[in-house]
Amino acid sequence: MCDQTFLINVFGSCDKCFKQRALRPVFKKSQQLSYCSTCAEIMATEGLHENETLASLKSEAESLKGKLEEERAKLHDVELHQVAERVEALGQFVMKTRRTLKGHGNKVLCMDWCKDKRRIVSSSQDGKVIVWDSFTTNKEHAVTMPCTWVMACAYAPSGCAIACGGLDNKCSVYPLTFDKNENMAAKKKSVAMHTNYLSACSFTNSDMQILTASGDGTCALWDVESGQLLQSFHGHGADVLCLDLAPSETGNTFVSGGCDKKAMVWDMRSGQCVQAFETHESDINSVRYYPSGDAFASGSDDATCRLYDLRADREVAIYSKESIIFGASSVDFSLSGRLLFAGYNDYTINVWDVLKGSRVSILFGHENRVSTLRVSPDGTAFCSGSWDHTLRVRGMVFRFPVCERREDG
Amino acid sequence: MAAGPAPPPGRPRAQMPHLRKMERVVVSMQDPDQGVKMRSQRLLVTVIPHAVTGSDVVQWLAQKFCVSEEEALHLGTVLVQHGYIYPLRDPRSLMLRPDETPYRFQVRLGGAAIYLAKKNIRKRGTLVDYEKDCYDQLHKKINHAWDLVLMQAREQLRAAKQRRKGDRLVIACQEQTYWLVNRPPPGAPNVLEQGPGRGSCAASRVLMTKSADFYKREIEYFRKALGRTRVKSSVCLEAYLSFCGQRGPHDPLVSGCLPSNPWISDNDAYWVMNAPTVAAPTKLRVERWGFSFRELLEDPMGRAHFMDFLGKEFSGENLSFWEACEELRYGTQAQVPTLVDAVYEQFLAPGAARWVNIDSRTMEQTLERLRQPHRYVLDDAQLHIYMLMKKDSYPRFLKSDMYKGLLAEAGI
């Protein structure tokens with residue numbers, strides 16, 4: 001059974017009737033076939049019962065969607081910034097760059113922290129993946145991938161392996177060895193196989209499972225040891241760009257964001273989408289859970305970051321400013337969830353007060369777009385990676401108490 | 001010559017919202033009443049009309065967006081780097097200088113304006129009616145840059161002959177900027193560069209026809225979603241306040257940390273004191289174990305103390321069972337059958353050494369499912385034991401002498 005058909009200009013032999021016709025690519029499960037328009041039309045209506053037409057189904061779906069919006073709106077009795085009025089303002093922050101990691105010869109695309117709170121893995125456009133002790137700025141491991149644009153990398157929970165991938169459409173796992181004689185690339189394990197670029201990857205609670213997101217519009221869960229696909233997640237209508245695992249007690253869900261402007265929450269067991277949010281106006285580049293697991297934030301090319309509450313089942317805050325024109329590429333929360341750090345394509349990092357909705361700080365320093373940003377596991381610092389080839393680790397030096405000052409964000 | 005950068009191939013303009021936003025800013029900057037003050041700027045011996053100074057641009061942006069001058073300078077620089085504003089002095093470097101340096105706005109010049117202007121000049125006002133209307137309309141529309149249109153027209157007419165120095169300078173600067181933006185020299189950042197093409201799988205330029213199955217799945221999703229219980233916003237949002245309030249003092253980026261933040265002081269004492277297993281946990285750490293059951297279990301030290309406590313209550317097998325289930329869920333696929341067997345033997349089988357007390361219904365269902373083991377087969381049982389510990393053992397742990405003792409002993 002197919003669920004979507006597309007129009008494109010290709011001429012050839014139809015995979016169903018074999019006649020020479022103008023063809024459309026058609027997807028059956030994950031297999032791509034080419035059908036002529038007649039066969040595609042027939043296929044589209046397969047599964048219709050008596051008294052059903054495509055138009056009637058479409059209008060039923062649309063009216064249900066409208067009802068859902070109504071239900072969501074009914075319970076929205078107050079705005080976040082109203083509730084937050086009685087919370088004390090944060091004042092002014094002084095955040096300084098305390099480490100600059102130089103060593104990538106090209107754009108840094110992704111980074112991840114090790115659980116030991118100081119090591120970092122980063123990947124870049126030229127295929128290089130580097131593991132650093134960012135406290136000392138020493139490079140501890142380096143491997144060159146056989147592809148360019150390594151857009152995803154992740155540190156294993158044990159600290160003994162890293163995963164990465166990009167334009168090779170795969171996710172590979174490299175065990176980290178301290179044996180100087182061993183070639184890191186020799187023990188490489190190819191785990192995930194997608195049909196388009198890998199945009200994000202993350203280990204679950206152990207070194208033995210990896211969750212991936214891809215430009216092929218799907219997410220997938222893999223068994224590292226065997227490379228077996230454990231579960232796949234279909235539903236996005238375009239490239240999936242990001243994902244984050246939920247910090248929940250039952251550890252069963254994750255959220256993904258994509259070029260279809262949707263953020264979708266998935267049940268890892270069943271592969272089903274349990275909640276979806278579609279309020280962004282452009283690609284969603286980054287999603288990150290609020291530390292309690294009850295909400296998540298997203299950063300998008302529409303220059304806004306948004307907060308979605310899972311229990312209220314709606315968007316509850318927008319973090320934006322007229323002067324912020326460029327897309328947000330990467331977001332992360334501080335440990336308490338009070339601060340939201342967002343890296344933007346205009347080279348800056350904006351720090352938002354999650355509760356009050358205001359911007360508390362703008363950080364300059366990078367000389368090209370910020371592509372990746374993560375707060376360290378113990379919340380003592382945050383690291384940003386940029387197309388300017390560097391990574392910067394920043395910490396909070398001082399916070400001035402609230403005082404009268406010109407409204408500045 | 002079009003204003004602003006040309007989008008790179010394969011990435012339609014519609015997918016680059018930041019360009020449209022920049023254009024809107026630039027248009028409002030050129031508003032005759034509310035825009036940046038335009039005046040004739042003297043550049044060496046030449047006078048250039050309709051120019052703005054760098055400092056005026058910065059001031060205007062700072063005021064319009066209520067931001068600091070530093071941020072306004074950054075925003076202005078971005079506009080220059082994209083070619084929307086170009087420098088008249090030192091056009092090789094696309095920078096915004098917050099001083100008297102003159103700049104001009106790029107203009108979206110259609111060929112029509114130049115063509116008509118040329119014709120008007122050549123034929124000295126003998127344009128036919130529709131041409132005249134068009135000319136007047138265009139003149140009104142880009143009045144402030146009309147001199148540039150005339151400049152271009154004159155330039156093209158007097159190709160090999162004497163040129164006005166002012167015209168040549170402005171055109172040269174504009175061209176220079178255009179090429180710097182669209183063909184940056186090696187080593188210079190390319191503001192137009194995008195990552196690898198997106199939307200290639202669903203081809204956003206491509207029409208989608210949806211089938212019966214697609215709609216049926218949508219309908220099912222919406223029906224389920226409608227059936228879900230939602231919580232009032234006020235309740236959800238209050239929860240953030242209490243969560244942030246509780247954790248604020250524990251958040252180093254908000255409240256700092258003692259003895260010092262390793263990144264700021266270059267001293268790793270904080271990490272040593274908070275290592276996964278230390279002799280004496282810090283006070284803040286022990287406090288966090290009281291925030292939530294999950295927090296307690298996630299800290300290896302907290303979990304160890306909890307295990308001790310459960311041991312004293314003879315219910316340690318609950319935590320061990322939970323850990324074994326975690327191992328199964330996140331373990332290697334190949335190990336699944338072995339692990340399931342081991343868990344059954346140790347915790348679930350009648351007369352098992354560490355038998356766990358699950359309600360009969362869950363036990364029945366679990367034993368039934370064990371015939372076809374998979375990694376999620378123990379989920380229900382695991383959840384039952386988890387809730388038991390959370391609702392029963394955990395609160396007792398927090399009230400216990402053991403826990404209170406740890407809090408009291410902890411130094412910082």
# chains A, B, ... in the order shown; residues from 1 in each chain; ligands from 1
$ residues_around --residues "Ser134 in chain A" --least-positions-apart "6" --cutoff "7 Å" --atoms "only C-alpha atoms" --output "compact mmCIF listing (two decimals) with C-alpha atoms, in the first residue's frame"
# COMPACT_ATOMS: atom_id res chain seq x y z
CA ARG A 118 34.95 17.57 29.60
CA ARG A 119 35.50 15.48 26.50
CA ILE A 120 33.93 16.43 23.22
$ residues_around --residues "Arg86 in chain A" --least-positions-apart "5" --cutoff "10 Å" --atoms "only C-alpha atoms" --output "ChimeraX atom specification"
/A:81,356 /B:241
$ select_by_dssp --residues "range 157-193 of chain A" --states "helix (DSSP H, G or I)" --output "PyMOL selection string"
chain A and resi 184-187
$ write_last_selection --atoms "N, CA and C atoms" --output "short mmCIF file (atom, residue, chain, number, x, y, z; two decimals), in the first residue's frame"
data_model
loop_
_atom_site.label_atom_id
_atom_site.label_comp_id
_atom_site.auth_asym_id
_atom_site.auth_seq_id
_atom_site.Cartn_x
_atom_site.Cartn_y
_atom_site.Cartn_z
N MET A 184 42.30 3.89 14.35
CA MET A 184 40.90 4.01 14.77
C MET A 184 39.95 3.55 13.68
N ALA A 185 40.30 3.86 12.46
CA ALA A 185 39.40 3.54 11.36
C ALA A 185 39.28 2.04 11.12
N ALA A 186 40.27 1.28 11.64
CA ALA A 186 40.27 -0.15 11.38
C ALA A 186 39.09 -0.85 12.04
N LYS A 187 38.70 -0.37 13.24
CA LYS A 187 37.63 -1.06 13.97
C LYS A 187 36.25 -0.45 13.69
#
$ atom_distance --atom1 "CA of Val128 in chain B" --atom2 "CA of Asp147 in chain B"
22.1 Å
$ select_by_dssp --residues "range 98-292 of chain B" --states "strand (DSSP E)" --output "MDAnalysis selection string"
chainID B and resid 102:105 208:210
$ write_last_selection --atoms "N, CA, C and O atoms" --output "mmCIF file, in the first residue's frame"
data_model
loop_
_atom_site.group_PDB
_atom_site.id
_atom_site.type_symbol
_atom_site.label_atom_id
_atom_site.label_comp_id
_atom_site.auth_asym_id
_atom_site.auth_seq_id
_atom_site.Cartn_x
_atom_site.Cartn_y
_atom_site.Cartn_z
ATOM 1 N N PRO B 102 30.801 56.774 3.956
ATOM 2 C CA PRO B 102 29.538 56.794 3.209
ATOM 3 C C PRO B 102 29.164 55.428 2.633
ATOM 4 O O PRO B 102 30.027 54.651 2.236
ATOM 5 N N TYR B 103 27.863 55.186 2.583
ATOM 6 C CA TYR B 103 27.322 53.950 2.009
ATOM 7 C C TYR B 103 26.100 54.302 1.169
ATOM 8 O O TYR B 103 25.512 55.377 1.313
ATOM 9 N N ARG B 104 25.778 53.387 0.272
ATOM 10 C CA ARG B 104 24.529 53.543 -0.478
ATOM 11 C C ARG B 104 23.778 52.222 -0.474
ATOM 12 O O ARG B 104 24.352 51.169 -0.224
ATOM 13 N N PHE B 105 22.487 52.298 -0.788
ATOM 14 C CA PHE B 105 21.663 51.096 -0.847
ATOM 15 C C PHE B 105 21.667 50.532 -2.253
ATOM 16 O O PHE B 105 21.569 51.262 -3.218
ATOM 17 N N MET B 208 2.368 16.996 -4.731
ATOM 18 C CA MET B 208 2.117 15.740 -4.040
ATOM 19 C C MET B 208 0.657 15.359 -4.204
ATOM 20 O O MET B 208 -0.217 16.162 -3.949
ATOM 21 N N THR B 209 0.381 14.162 -4.671
ATOM 22 C CA THR B 209 -1.003 13.703 -4.650
ATOM 23 C C THR B 209 -1.109 12.622 -3.595
ATOM 24 O O THR B 209 -0.303 11.707 -3.555
ATOM 25 N N LYS B 210 -2.062 12.766 -2.747
ATOM 26 C CA LYS B 210 -2.144 11.854 -1.603
ATOM 27 C C LYS B 210 -3.179 10.772 -1.842
ATOM 28 O O LYS B 210 -4.195 10.984 -2.459
#
$ residues_around --residues "Thr348 in chain A" --least-positions-apart "5" --cutoff "9 Å" --atoms "only C-alpha atoms" --output "count of residues only"
11
$ atom_distance --atom1 "CA of Ser234 in chain B" --atom2 "CA of Asn350 in chain A"
27.1 Å
$ closest_residue --among "A:Tyr174, A:Tyr35, A:Tyr155, A:Phe93" --to "chain B" --atoms "only C-alpha atoms"
A:Phe93
$ residues_around --residues "Val52 in chain B" --least-positions-apart "6" --cutoff "12 Å" --atoms "only C-alpha atoms" --output "PDB file with C-alpha atoms, in the first residue's frame"
ATOM      1  CA  MET B  29      15.685  52.004   5.924  1.00  0.00           C
ATOM      2  CA  GLN B  30      15.062  53.791   2.639  1.00  0.00           C
ATOM      3  CA  GLY B  35      14.298  55.811   7.051  1.00  0.00           C
ATOM      4  CA  VAL B  36      17.957  56.583   7.520  1.00  0.00           C
ATOM      5  CA  LYS B  37      18.924  60.171   6.816  1.00  0.00           C
ATOM      6  CA  MET B  38      20.191  60.462   3.278  1.00  0.00           C
ATOM      7  CA  ARG B  39      22.430  63.265   2.216  1.00  0.00           C
ATOM      8  CA  SER B  40      25.073  64.116  -0.295  1.00  0.00           C
ATOM      9  CA  GLN B  41      28.375  62.768   0.880  1.00  0.00           C
ATOM     10  CA  ARG B  42      31.639  64.301  -0.108  1.00  0.00           C
ATOM     11  CA  VAL B  58      23.990  51.952  13.284  1.00  0.00           C
ATOM     12  CA  GLN B  59      21.947  54.549  15.170  1.00  0.00           C
ATOM     13  CA  TRP B  60      18.867  53.877  13.068  1.00  0.00           C
ATOM     14  CA  ILE B  85      24.303  48.259   1.433  1.00  0.00           C
ATOM     15  CA  TYR B  86      27.600  48.952  -0.226  1.00  0.00           C
ATOM     16  CA  PRO B  87      30.539  51.112   0.856  1.00  0.00           C
ATOM     17  CA  LEU B  88      31.670  54.007  -1.285  1.00  0.00           C
ATOM     18  CA  LEU B  96      30.136  48.591   8.276  1.00  0.00           C
ATOM     19  CA  ARG B  97      32.140  51.339   9.911  1.00  0.00           C
ATOM     20  CA  PRO B  98      30.202  53.228  12.591  1.00  0.00           C
ATOM     21  CA  ASP B  99      31.591  56.596  11.496  1.00  0.00           C
ATOM     22  CA  GLU B 100      31.313  59.098   8.641  1.00  0.00           C
ATOM     23  CA  THR B 101      32.124  56.471   6.006  1.00  0.00           C
ATOM     24  CA  PRO B 102      29.538  56.794   3.209  1.00  0.00           C
ATOM     25  CA  TYR B 103      27.322  53.950   2.009  1.00  0.00           C
ATOM     26  CA  ARG B 104      24.529  53.543  -0.478  1.00  0.00           C
ATOM     27  CA  PHE B 105      21.663  51.096  -0.847  1.00  0.00           C
TER      28      PHE B 105
END
$ residues_around --residues "range 345-349 of chain B" --least-positions-apart "2" --cutoff "9 Å" --atoms "only C-alpha atoms" --output "PyMOL selection string"
chain B and resi 317-318+321+340-343+351-358+363+367
$ closest_residue --among "A:Pro247, A:Gly337, A:Gly258, A:Gly103" --to "chain B" --atoms "only C-alpha atoms"
A:Gly337
$ closest_residue --among "A:Ser320, A:Ser292, A:Ser256, A:Ser34" --to "Ala22 in chain A" --atoms "only C-alpha atoms"
A:Ser34
$ atom_distance --atom1 "CA of Phe135 in chain A" --atom2 "CA of Ser265 in chain B"
11.2 Å
$ residues_around --residues "Ile171 in chain B" --least-positions-apart "3" --cutoff "10 Å" --atoms "only C-alpha atoms" --output "PyMOL selection string"
chain B and resi 88+148+151-152+155+166-168+174-177
$ closest_residue --among "B:Leu339, B:Ala62, B:Ala51, B:Leu253" --to "chain A" --atoms "only C-alpha atoms"
B:Leu253
$ closest_residue --among "B:Val231, B:Tyr344, B:Gly199, B:Trp271" --to "Arg371 in chain B" --atoms "only C-alpha atoms"
B:Tyr344
$ closest_residue --among "B:Ala172, B:Val27, B:Cys236, B:Val149" --to "chain A" --atoms "only C-alpha atoms"
B:Cys236
